[in-house]
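S.K.: My file is final-v7.cif. It has mmCIF, C-alpha atoms:
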data_target
#
loop_
_atom_site.label_atom_id
_atom_site.label_comp_id
_atom_site.auth_asym_id
_atom_site.auth_seq_id
_atom_site.Cartn_x
_atom_site.Cartn_y
_atom_site.Cartn_z
CA MET I 30 -53.51 -0.51 51.48
CA ALA I 31 -50.18 -2.29 51.39
CA ALA I 32 -48.55 -5.15 53.27
CA TYR I 33 -44.83 -5.73 53.62
CA HIS I 34 -42.74 -8.89 53.69
CA GLN I 35 -40.36 -9.49 56.62
CA GLU I 36 -37.07 -11.36 56.60
CA ASN I 37 -38.54 -14.09 58.80
CA GLY I 38 -41.18 -14.88 56.17
CA LYS I 39 -44.01 -13.12 57.98
CA TRP I 40 -45.95 -10.07 56.77
CA TYR I 41 -46.69 -6.77 58.47
CA ILE I 42 -48.85 -3.71 57.87
CA SER I 43 -48.43 -0.07 58.85
CA PHE I 44 -51.31 2.34 58.29
CA TYR I 45 -53.26 5.39 59.47
CA TYR I 46 -56.87 5.30 60.67
CA ARG I 47 -59.40 7.55 62.39
CA ASP I 48 -60.60 6.50 65.81
CA HIS I 49 -64.04 6.92 67.38
CA LYS I 50 -63.17 10.55 68.22
CA GLY I 51 -62.25 11.30 64.61
CA GLU I 52 -58.57 11.65 65.51
CA LEU I 53 -55.94 10.42 63.03
CA LYS I 54 -53.86 7.58 64.49
CA HIS I 55 -51.15 5.26 63.22
CA THR I 56 -50.58 1.57 63.99
CA THR I 57 -48.28 -1.24 62.91
CA ARG I 58 -49.14 -4.93 63.26
CA ARG I 59 -46.77 -7.82 62.57
CA GLY I 60 -46.72 -11.59 62.39
CA PHE I 61 -49.20 -12.35 59.60
CA ASP I 62 -48.69 -15.56 57.64
CA SER I 63 -49.68 -14.08 54.28
CA GLU I 64 -50.22 -10.77 52.50
CA ALA I 65 -53.92 -11.51 52.18
CA GLU I 66 -54.23 -12.10 55.93
CA ALA I 67 -52.48 -8.81 56.69
CA LEU I 68 -54.68 -6.83 54.31
CA ALA I 69 -57.83 -8.48 55.62
CA PHE I 70 -56.87 -7.45 59.14
CA GLU I 71 -56.37 -3.85 58.03
CA ARG I 72 -59.79 -3.74 56.34
CA GLY I 73 -61.49 -5.10 59.45
CA PHE I 74 -59.54 -2.76 61.69
CA GLN I 75 -60.54 0.29 59.65
CA GLU I 76 -64.19 -0.76 59.75
CA ARG I 77 -64.14 -1.22 63.52
CA ALA I 78 -62.00 1.80 64.38
CA GLN I 79 -64.92 4.22 64.51
CA ASP I 80 -66.97 1.77 66.57
CA PRO I 81 -64.50 -0.09 68.81
CA ALA I 82 -67.35 -1.55 70.86
CA SER I 83 -68.00 -3.91 67.94
CA TYR I 84 -64.55 -5.55 68.30
CA ALA I 85 -64.73 -9.25 69.07
CA PHE I 86 -63.33 -9.81 72.56
CA GLY I 87 -60.27 -11.64 71.22
CA ASP I 88 -59.54 -8.89 68.70
CA PHE I 89 -59.74 -6.23 71.38
CA VAL I 90 -57.40 -8.28 73.58
CA ASP I 91 -54.87 -8.16 70.71
CA THR I 92 -55.30 -4.39 70.51
CA TYR I 93 -54.93 -4.00 74.27
CA LEU I 94 -51.77 -6.12 74.39
CA ALA I 95 -50.27 -4.17 71.51
CA ASP I 96 -51.06 -0.91 73.33
CA VAL I 97 -49.45 -1.90 76.64
CA LYS I 98 -46.50 -3.92 75.32
CA PRO I 99 -44.12 -0.93 74.92
CA ARG I 100 -44.73 0.13 78.53
CA ILE I 101 -44.17 -3.13 80.42
CA ARG I 102 -41.39 -5.68 80.83
CA TRP I 103 -41.45 -8.46 78.27
CA SER I 104 -41.81 -11.05 81.06
CA THR I 105 -44.87 -9.18 82.35
CA TYR I 106 -46.21 -9.05 78.80
CA GLU I 107 -45.76 -12.82 78.42
CA LEU I 108 -47.62 -13.51 81.67
CA LYS I 109 -50.42 -11.14 80.69
CA SER I 110 -50.69 -12.59 77.19
CA ASN I 111 -50.80 -16.18 78.48
CA ALA I 112 -53.44 -15.28 81.05
CA PHE I 113 -55.77 -13.93 78.37
CA ARG I 114 -55.04 -16.78 75.96
CA LYS I 115 -55.75 -19.55 78.47
CA TRP I 116 -58.32 -18.22 80.91
CA LEU I 117 -60.13 -15.18 79.48
CA THR I 118 -60.46 -15.23 75.68
CA PRO I 119 -61.86 -18.82 75.55
CA PHE I 120 -64.80 -17.77 77.76
CA PHE I 121 -65.64 -14.43 76.10
CA LYS I 122 -64.65 -15.25 72.51
CA GLY I 123 -68.23 -15.27 71.21
CA LYS I 124 -68.99 -11.71 72.28
CA ALA I 125 -68.13 -8.21 71.16
CA ILE I 126 -66.24 -6.19 73.77
CA GLY I 127 -69.08 -3.67 74.05
CA GLU I 128 -71.72 -6.37 74.61
CA ILE I 129 -70.18 -7.91 77.71
CA THR I 130 -72.25 -7.20 80.82
CA SER I 131 -71.68 -7.52 84.56
CA LYS I 132 -73.71 -10.72 84.43
CA ASP I 133 -71.28 -12.17 81.87
CA VAL I 134 -68.34 -11.31 84.11
CA LEU I 135 -70.14 -12.87 87.08
CA HIS I 136 -70.59 -16.08 85.10
CA TRP I 137 -66.89 -16.01 84.19
CA GLN I 138 -65.99 -15.66 87.87
CA GLY I 139 -67.92 -18.83 88.62
CA TRP I 140 -66.41 -20.63 85.63
CA ILE I 141 -62.78 -19.72 86.37
CA GLN I 142 -62.98 -20.99 89.93
CA GLU I 143 -63.94 -24.42 88.60
CA GLN I 144 -61.12 -24.68 86.05
CA GLU I 145 -58.18 -27.02 86.56
CA LYS I 146 -54.52 -26.85 85.63
CA GLY I 147 -52.72 -29.64 83.80
CA ASN I 148 -52.01 -31.41 87.10
CA GLY I 149 -55.72 -31.62 87.91
CA LYS I 150 -55.59 -28.98 90.66
CA LYS I 151 -57.80 -25.91 90.63
CA LEU I 152 -56.30 -22.47 90.13
CA SER I 153 -55.12 -20.84 93.35
CA ALA I 154 -57.29 -18.12 94.85
CA THR I 155 -54.48 -15.60 94.37
CA TYR I 156 -54.16 -16.44 90.66
CA VAL I 157 -57.94 -16.17 90.24
CA ARG I 158 -57.63 -12.66 91.73
CA THR I 159 -54.79 -11.91 89.29
CA LEU I 160 -57.00 -12.95 86.36
CA ASN I 161 -59.83 -10.80 87.71
CA ASN I 162 -57.43 -7.86 87.85
CA GLU I 163 -56.32 -8.51 84.25
CA LEU I 164 -59.93 -8.47 83.07
CA SER I 165 -60.62 -5.25 84.98
CA ALA I 166 -57.49 -3.65 83.48
CA LEU I 167 -58.68 -4.57 79.98
CA PHE I 168 -62.11 -2.97 80.48
CA ASN I 169 -60.58 0.10 82.15
CA HIS I 170 -58.30 0.48 79.12
CA ALA I 171 -61.29 0.11 76.81
CA GLU I 172 -63.22 2.80 78.68
CA ARG I 173 -60.33 5.20 79.08
CA ASN I 174 -58.84 4.98 75.59
CA TYR I 175 -61.63 3.74 73.30
CA GLY I 176 -64.81 5.12 74.83
CA ILE I 177 -66.21 1.65 75.54
CA GLY I 178 -67.98 1.53 78.84
CA PRO I 179 -68.69 1.72 81.58
CA SER I 180 -66.62 -1.28 82.64
CA PRO I 181 -68.82 -4.28 83.55
CA CYS I 182 -66.37 -5.09 86.37
CA LYS I 183 -66.98 -1.91 88.37
CA LYS I 184 -70.04 -3.03 90.29
CA LEU I 185 -68.78 -6.55 91.05
CA SER I 186 -66.69 -7.90 93.88
CA LYS I 187 -63.45 -9.44 92.65
CA ALA I 188 -63.09 -13.21 92.65
CA GLY I 189 -60.25 -14.90 94.51
CA THR I 190 -58.07 -13.29 97.13
CA SER I 191 -55.12 -10.93 97.13
CA LYS I 192 -53.54 -12.65 100.13
CA SER I 193 -51.63 -15.85 99.56
CA GLY I 194 -52.07 -18.60 102.09
CA GLU I 195 -49.14 -20.54 100.65
CA MET I 196 -46.19 -18.45 101.89
CA SER I 197 -43.96 -20.43 104.21
CA ILE I 198 -40.38 -20.43 105.46
CA TRP I 199 -37.72 -22.81 106.69
CA THR I 200 -35.66 -22.45 109.83
CA LYS I 201 -31.92 -22.95 109.51
CA ALA I 202 -32.32 -26.45 110.94
CA GLU I 203 -34.96 -27.37 108.36
CA TYR I 204 -32.84 -25.96 105.56
CA GLN I 205 -29.80 -27.95 106.70
CA ARG I 206 -31.82 -31.19 106.72
CA PHE I 207 -33.00 -30.43 103.20
CA LEU I 208 -29.47 -29.58 102.02
CA ASP I 209 -28.11 -32.86 103.37
CA ALA I 210 -30.70 -34.65 101.22
CA VAL I 211 -29.68 -32.95 97.94
CA CYS I 212 -25.92 -32.64 98.44
CA ASP I 213 -25.36 -35.75 96.28
CA LYS I 214 -25.83 -33.47 93.24
CA GLU I 215 -23.25 -30.69 93.14
CA ARG I 216 -25.24 -28.20 91.09
CA SER I 217 -28.26 -28.66 93.37
CA PHE I 218 -26.13 -28.17 96.48
CA TYR I 219 -24.54 -24.94 95.26
CA ALA I 220 -27.74 -23.56 93.72
CA PHE I 221 -29.69 -23.93 96.96
CA GLU I 222 -26.78 -22.64 99.05
CA ILE I 223 -26.75 -19.43 97.02
CA LEU I 224 -30.53 -19.08 97.06
CA TYR I 225 -30.84 -19.56 100.82
CA TRP I 226 -27.85 -17.49 101.98
CA THR I 227 -28.31 -14.56 99.56
CA GLY I 228 -32.09 -14.41 99.06
CA ILE I 229 -31.76 -13.72 95.33
CA ARG I 230 -34.49 -14.67 92.85
CA GLU I 231 -34.43 -17.82 90.72
CA GLY I 232 -33.91 -15.89 87.49
CA GLU I 233 -31.06 -13.95 89.09
CA LEU I 234 -29.45 -17.20 90.24
CA LEU I 235 -29.62 -18.80 86.79
CA ALA I 236 -27.99 -15.74 85.18
CA LEU I 237 -24.95 -15.70 87.52
CA THR I 238 -21.42 -15.76 86.07
CA PRO I 239 -17.98 -15.81 87.74
CA ASP I 240 -17.63 -12.10 86.97
CA ASP I 241 -20.56 -11.35 89.29
CA PHE I 242 -18.56 -12.45 92.35
CA ASP I 243 -15.81 -10.46 94.04
CA PHE I 244 -14.39 -13.03 96.43
CA GLU I 245 -11.81 -10.65 97.88
CA ALA I 246 -14.42 -8.04 98.77
CA GLY I 247 -17.01 -10.68 99.66
CA THR I 248 -19.73 -9.31 97.38
CA LEU I 249 -22.15 -10.47 94.72
CA THR I 250 -23.48 -8.11 92.02
CA ILE I 251 -26.96 -8.66 90.58
CA ASP I 252 -27.45 -6.95 87.22
CA LYS I 253 -29.30 -9.48 85.05
CA SER I 254 -31.87 -12.27 85.07
CA PHE I 255 -32.43 -15.48 83.12
CA ALA I 256 -35.74 -16.50 81.54
CA VAL I 257 -37.14 -18.66 78.78
CA ARG I 258 -38.94 -16.68 76.08
CA ASN I 259 -40.70 -18.49 73.25
CA GLY I 260 -38.50 -21.49 73.90
CA GLU I 261 -35.28 -19.46 73.81
CA HIS I 262 -32.95 -18.80 76.74
CA VAL I 263 -32.75 -15.07 77.34
CA ILE I 264 -30.54 -13.00 79.63
CA GLY I 265 -32.28 -9.72 80.36
CA PRO I 266 -32.45 -7.02 83.01
CA PRO I 267 -33.50 -7.88 86.57
CA LYS I 268 -37.07 -7.37 87.72
CA THR I 269 -36.95 -3.67 88.68
CA LYS I 270 -34.50 -0.79 88.91
CA LYS I 271 -34.03 -1.58 92.61
CA SER I 272 -33.05 -5.12 91.62
CA TYR I 273 -29.69 -3.81 90.39
CA ARG I 274 -27.63 -4.24 93.54
CA THR I 275 -24.38 -5.43 95.09
CA ILE I 276 -24.77 -7.45 98.29
CA ALA I 277 -22.39 -8.78 100.89
CA ILE I 278 -21.93 -12.55 101.13
CA SER I 279 -20.38 -14.55 103.96
CA ASP I 280 -16.83 -15.91 103.95
CA PHE I 281 -17.99 -19.53 103.92
CA LEU I 282 -20.27 -18.93 100.92
CA CYS I 283 -17.43 -17.16 99.10
CA GLU I 284 -15.23 -20.21 99.63
CA GLU I 285 -17.94 -22.63 98.54
CA VAL I 286 -18.75 -20.75 95.35
CA ARG I 287 -15.07 -20.10 94.53
CA PHE I 288 -14.37 -23.83 94.83
CA TYR I 289 -17.36 -24.71 92.63
CA ILE I 290 -16.37 -22.22 89.92
CA GLU I 291 -12.63 -22.80 89.89
CA GLU I 292 -12.24 -26.47 90.84
CA VAL I 293 -15.45 -28.14 89.71
CA LEU I 294 -16.73 -26.11 86.73
CA LYS I 295 -13.37 -24.57 85.76
CA ILE I 296 -15.04 -21.60 84.08
CA VAL I 297 -14.22 -17.89 83.99
CA GLY I 298 -15.62 -14.56 82.87
CA ASP I 299 -19.20 -14.36 81.65
CA GLN I 300 -19.94 -18.08 81.37
CA ARG I 301 -23.13 -19.00 83.20
CA ILE I 302 -22.46 -20.93 86.42
CA PHE I 303 -25.76 -22.80 86.22
CA GLU I 304 -25.85 -23.41 82.48
CA GLY I 305 -28.40 -26.17 81.81
CA VAL I 306 -30.22 -25.69 85.13
CA THR I 307 -33.87 -24.67 84.75
CA LYS I 308 -36.58 -23.57 87.13
CA SER I 309 -38.29 -26.92 86.60
CA TYR I 310 -35.06 -28.68 87.60
CA LEU I 311 -34.94 -26.68 90.84
CA TRP I 312 -38.61 -27.52 91.47
CA ARG I 313 -37.93 -31.25 91.02
CA GLU I 314 -34.93 -31.08 93.32
CA MET I 315 -37.03 -29.28 95.91
CA GLU I 316 -39.56 -32.11 95.69
CA ARG I 317 -36.83 -34.74 96.01
CA GLY I 318 -35.09 -33.05 98.93
CA CYS I 319 -38.31 -32.56 100.88
CA ALA I 320 -39.34 -36.18 100.37
CA LEU I 321 -35.94 -37.50 101.51
CA SER I 322 -35.52 -35.15 104.47
CA GLY I 323 -39.12 -35.02 105.68
CA VAL I 324 -39.14 -31.22 105.97
CA LYS I 325 -42.29 -29.38 104.97
CA ARG I 326 -42.66 -28.55 101.27
CA ILE I 327 -42.17 -24.88 100.43
CA ARG I 328 -41.86 -23.04 97.14
CA ILE I 329 -38.48 -22.11 95.69
CA HIS I 330 -39.46 -18.48 96.16
CA ASP I 331 -40.02 -19.15 99.87
CA LEU I 332 -36.26 -19.59 100.28
CA ARG I 333 -36.21 -15.84 99.67
CA HIS I 334 -38.75 -15.34 102.44
CA SER I 335 -36.69 -17.62 104.70
CA HIS I 336 -33.65 -15.43 104.07
CA VAL I 337 -35.62 -12.30 104.98
CA SER I 338 -36.83 -13.90 108.20
CA MET I 339 -33.25 -14.82 109.07
CA LEU I 340 -32.09 -11.22 108.47
CA ILE I 341 -34.87 -9.90 110.70
CA HIS I 342 -33.72 -12.27 113.46
CA MET I 343 -30.18 -10.91 113.00
CA GLY I 344 -31.44 -7.37 113.62
CA PHE I 345 -31.37 -5.83 110.14
CA SER I 346 -33.83 -2.99 109.53
CA ALA I 347 -36.68 -3.32 107.05
CA VAL I 348 -35.07 -0.70 104.80
CA ALA I 349 -31.70 -2.49 104.79
CA ILE I 350 -33.41 -5.79 104.00
CA ALA I 351 -35.42 -4.20 101.17
CA ASP I 352 -32.19 -2.88 99.63
CA ARG I 353 -30.53 -6.29 99.88
CA MET I 354 -33.53 -8.08 98.37
CA GLY I 355 -34.01 -5.55 95.58
CA HIS I 356 -37.50 -4.55 96.73
CA GLU I 357 -39.05 -1.23 95.79
CA SER I 358 -40.05 -0.61 99.42
CA SER I 359 -39.66 -2.06 102.89
CA GLU I 360 -43.25 -3.36 102.88
CA VAL I 361 -42.39 -6.94 101.90
CA PRO I 362 -39.91 -7.65 104.73
CA SER I 363 -42.25 -5.88 107.17
CA ARG I 364 -45.13 -8.06 106.01
CA ILE I 365 -43.04 -11.21 106.47
CA LEU I 366 -42.12 -10.09 109.98
CA ARG I 367 -45.83 -9.72 110.82
CA THR I 368 -46.63 -13.09 109.27
CA PHE I 369 -43.90 -15.43 110.46
CA PRO I 370 -41.70 -16.10 113.46
CA THR I 371 -38.01 -15.59 112.78
CA ALA I 372 -36.13 -18.42 111.12
CA SER I 373 -33.58 -19.05 113.83
#
Written as C-alpha cells, that's how I'd like the structure from this file.
M.R.:
Amino acid sequence: MAAYHQENGKWYISFYYRDHKGELKHTTRRGFDSEAEALAFERGFQERAQDPASYAFGDFVDTYLADVKPRIRWSTYELKSNAFRKWLTPFFKGKAIGEITSKDVLHWQGWIQEQEKGNGKKLSATYVRTLNNELSALFNHAERNYGIGPSPCKKLSKAGTSKSGEMSIWTKAEYQRFLDAVCDKERSFYAFEILYWTGIREGELLALTPDDFDFEAGTLTIDKSFAVRNGEHVIGPPKTKKSYRTIAISDFLCEEVRFYIEEVLKIVGDQRIFEGVTKSYLWREMERGCALSGVKRIRIHDLRHSHVSMLIHMGFSAVAIADRMGHESSEVPSRILRTFPTAS
C-alpha cells in the first residue's frame, strides 16, 4: 500500500482490489488530510470490497458519489452531494447499507417531512420527493453494481410530490408594476428586463458579456452559465446541450442593453455585465420589488415561465418555444399552457 502527496497538501491513494464477484477493479480516492488517513481508508476499503453490504451508509454514499461523478454535471453532483450530507446520511449513519430495511426508509420518510430549513420552514413536498428519488437511486446503484439488495425502497410509496404547487407567472401589467418599483437600482432594472424579455436562466444571465450580444442582428447567444462552486465563482457550460442557443431579442431591449453596456458600465469584450450580482441579490430585489409594488410574490425562475406564457399568447409553437428556452423537449411549454392562462 502507498499514499501520495498532492500539491495542495492533501493525500491520495490509487490501488487495485477484488470486488464481491472476484473481479479485479481499480480506484483512486483523493482529499485525505494525512498519509495515515489515506492508508487506513484503503485497508478498510479492501476489507469491505468482498462484502459491500457491510459498508456504513455514509461510506457507501462516498462510493456512490465517486462512481457517478464522472457521468453528471458538477452542479448536479453538488446538489446530490449536499442532499445526502444534510438530509440522508445523518439519519442512516448508524447502519450498514445492507442492514437498512423498508421500515427504516419508512421512518426516514416520516422524519424528513418534519425537518425544517434554516428559515424555520419545512422542506417543500417537491424537494422531499427529490430526496426520496436520491435515496432510491442510491439503493438501485447498490443492487445493480454491488449486489446489495433488493432495494428497501421498492415496495414503498414515495414521499412528497413530483408536482410543484408553487409555479406562478406575472402578466405584463404585473411585471411593469414590479419593474417600476426596482428601477431605482440600475443593475436590478437591467437584470430583470433581460430575464423577463428573454426567458433565460439566472446562471445564464449572470454569465453574460458584451460579446454575447449582436445589436445589429438583434440576437443574444447563450453558451455559458455562472455558478458558485466551493465558494469560488465559476463560468461553465449551460445546463444541457440544447441550452447552447442564439435567440432573437426585441429592438427596445437591444437599445436598453446597449446603453447599459456602453454608457453606464463602459465595458467591452468578455467582461461580465453583472459582475458582483448574485442569485441571492436577485432574490432580495424580488422581495423588495414585490413589497413596494404589491404584486404577488413569484420565484425568479417564474419569470422564465412568464416569458413562455407570453410567447404562447403571441402564437409561437411549443417546439419553437422549447428551442428558444433551451429545453430538451416541448413538454415544459406545453405543461405551462395547460397550467396557466396566457400572460397578456
S.K.: Would you please work out which residue, of I:Glu316, I:Asn162, I:Tyr225, I:Arg102, is nearest to Trp199 in chain I when using all atoms listed in the file?
M.R.: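 For Trp199 in chain I, the nearest of the candidates is I:Tyr225.
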S.K.: List as an MDAnalysis selection string the protein and nucleic acid residues near range 86-94 of chain I, meaning an atom at most 6 Å away when all atoms listed in the file are counted, but skip any in the same chain fewer than 2 places from it.
M.R.: chainID I and resid 84 96:98 118 122 124:126
S.K.: Selected by the PyMOL selection byres ((chain I and resi 248-260) around 7) in the shown coordinates: which residues, as an MDAnalysis selection string?
M.R.: chainID I and resid 232:233 235:236 241:244 246:247 261:267 273:278
S.K.: Just to confirm, what's the straight-line distance from CA of Leu332 in chain I to CA of Arg230 in chain I in Å (one decimal)?
M.R.: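 Separation of CA of Leu332 in chain I and CA of Arg230 in chain I: 9.1 Å.
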S.K.: Can you list what the PyMOL selection byres ((chain I and resi 53-69) around 12) grabs from this structure, as a PyMOL selection string?
M.R.: chain I and resi 30-52+70-76+78-79+91-92+94-96
S.K.: If you apply the PyMOL selection byres ((chain I and resi 128) around 12) to this file, what residues do you get, as a list in words?
M.R.: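 That selection, the PyMOL selection byres ((chain I and resi 128) around 12), comes back as Pro81, Ala82, Ser83, Tyr84, Ala85, Phe86, Phe121, Lys122, Gly123, Lys124, Ala125, Ile126, Gly127, Ile129, Thr130, Ser131, Lys132, Asp133, Val134, Phe168, Ile177, Gly178, Pro179, Ser180 and Pro181 of chain I.
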S.K.: For the selection just defined, write its residues with C-alpha atoms to a file, as an mmCIF file, in the coordinates of the input.
M.R.:
data_model
loop_
_atom_site.group_PDB
_atom_site.id
_atom_site.type_symbol
_atom_site.label_atom_id
_atom_site.label_comp_id
_atom_site.auth_asym_id
_atom_site.auth_seq_id
_atom_site.Cartn_x
_atom_site.Cartn_y
_atom_site.Cartn_z
ATOM 1 C CA PRO I 81 -64.500 -0.090 68.810
ATOM 2 C CA ALA I 82 -67.350 -1.550 70.860
ATOM 3 C CA SER I 83 -68.000 -3.910 67.940
ATOM 4 C CA TYR I 84 -64.550 -5.550 68.300
ATOM 5 C CA ALA I 85 -64.730 -9.250 69.070
ATOM 6 C CA PHE I 86 -63.330 -9.810 72.560
ATOM 7 C CA PHE I 121 -65.640 -14.430 76.100
ATOM 8 C CA LYS I 122 -64.650 -15.250 72.510
ATOM 9 C CA GLY I 123 -68.230 -15.270 71.210
ATOM 10 C CA LYS I 124 -68.990 -11.710 72.280
ATOM 11 C CA ALA I 125 -68.130 -8.210 71.160
ATOM 12 C CA ILE I 126 -66.240 -6.190 73.770
ATOM 13 C CA GLY I 127 -69.080 -3.670 74.050
ATOM 14 C CA ILE I 129 -70.180 -7.910 77.710
ATOM 15 C CA THR I 130 -72.250 -7.200 80.820
ATOM 16 C CA SER I 131 -71.680 -7.520 84.560
ATOM 17 C CA LYS I 132 -73.710 -10.720 84.430
ATOM 18 C CA ASP I 133 -71.280 -12.170 81.870
ATOM 19 C CA VAL I 134 -68.340 -11.310 84.110
ATOM 20 C CA PHE I 168 -62.110 -2.970 80.480
ATOM 21 C CA ILE I 177 -66.210 1.650 75.540
ATOM 22 C CA GLY I 178 -67.980 1.530 78.840
ATOM 23 C CA PRO I 179 -68.690 1.720 81.580
ATOM 24 C CA SER I 180 -66.620 -1.280 82.640
ATOM 25 C CA PRO I 181 -68.820 -4.280 83.550
#
S.K.: Using only C-alpha atoms, find the one residue out of I:Ile350, I:Ala166, I:Ile290, I:Leu160 that sits nearest to Asn111 in chain I.
M.R.: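 Using only C-alpha atoms, the shortest distance to Asn111 in chain I belongs to I:Leu160.
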S.K.: Figure out the distance between CA of Phe288 in chain I and CA of Ala210 in chain I, please, to one decimal in Å.
M.R.: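 So the two atoms, CA of Ala210 in chain I and CA of Phe288 in chain I, lie 20.6 Å apart.
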S.K.: Show me, as a compact mmCIF listing (two decimals) with C-alpha atoms, in the frame of the given file, the residues that have an atom within 12 Å of range 141-151 of chain I when counting all atoms listed in the file, minus same-chain residues fewer than 3 positions from it.
M.R.:
# COMPACT_ATOMS: atom_id res chain seq x y z
CA ALA I 112 -53.44 -15.28 81.05
CA LYS I 115 -55.75 -19.55 78.47
CA TRP I 116 -58.32 -18.22 80.91
CA LEU I 117 -60.13 -15.18 79.48
CA THR I 118 -60.46 -15.23 75.68
CA PRO I 119 -61.86 -18.82 75.55
CA PHE I 120 -64.80 -17.77 77.76
CA PHE I 121 -65.64 -14.43 76.10
CA VAL I 134 -68.34 -11.31 84.11
CA LEU I 135 -70.14 -12.87 87.08
CA HIS I 136 -70.59 -16.08 85.10
CA TRP I 137 -66.89 -16.01 84.19
CA GLN I 138 -65.99 -15.66 87.87
CA ALA I 154 -57.29 -18.12 94.85
CA THR I 155 -54.48 -15.60 94.37
CA TYR I 156 -54.16 -16.44 90.66
CA VAL I 157 -57.94 -16.17 90.24
CA ARG I 158 -57.63 -12.66 91.73
CA THR I 159 -54.79 -11.91 89.29
CA LEU I 160 -57.00 -12.95 86.36
CA ASN I 161 -59.83 -10.80 87.71
CA LYS I 187 -63.45 -9.44 92.65
CA ALA I 188 -63.09 -13.21 92.65
CA GLY I 189 -60.25 -14.90 94.51
CA THR I 190 -58.07 -13.29 97.13
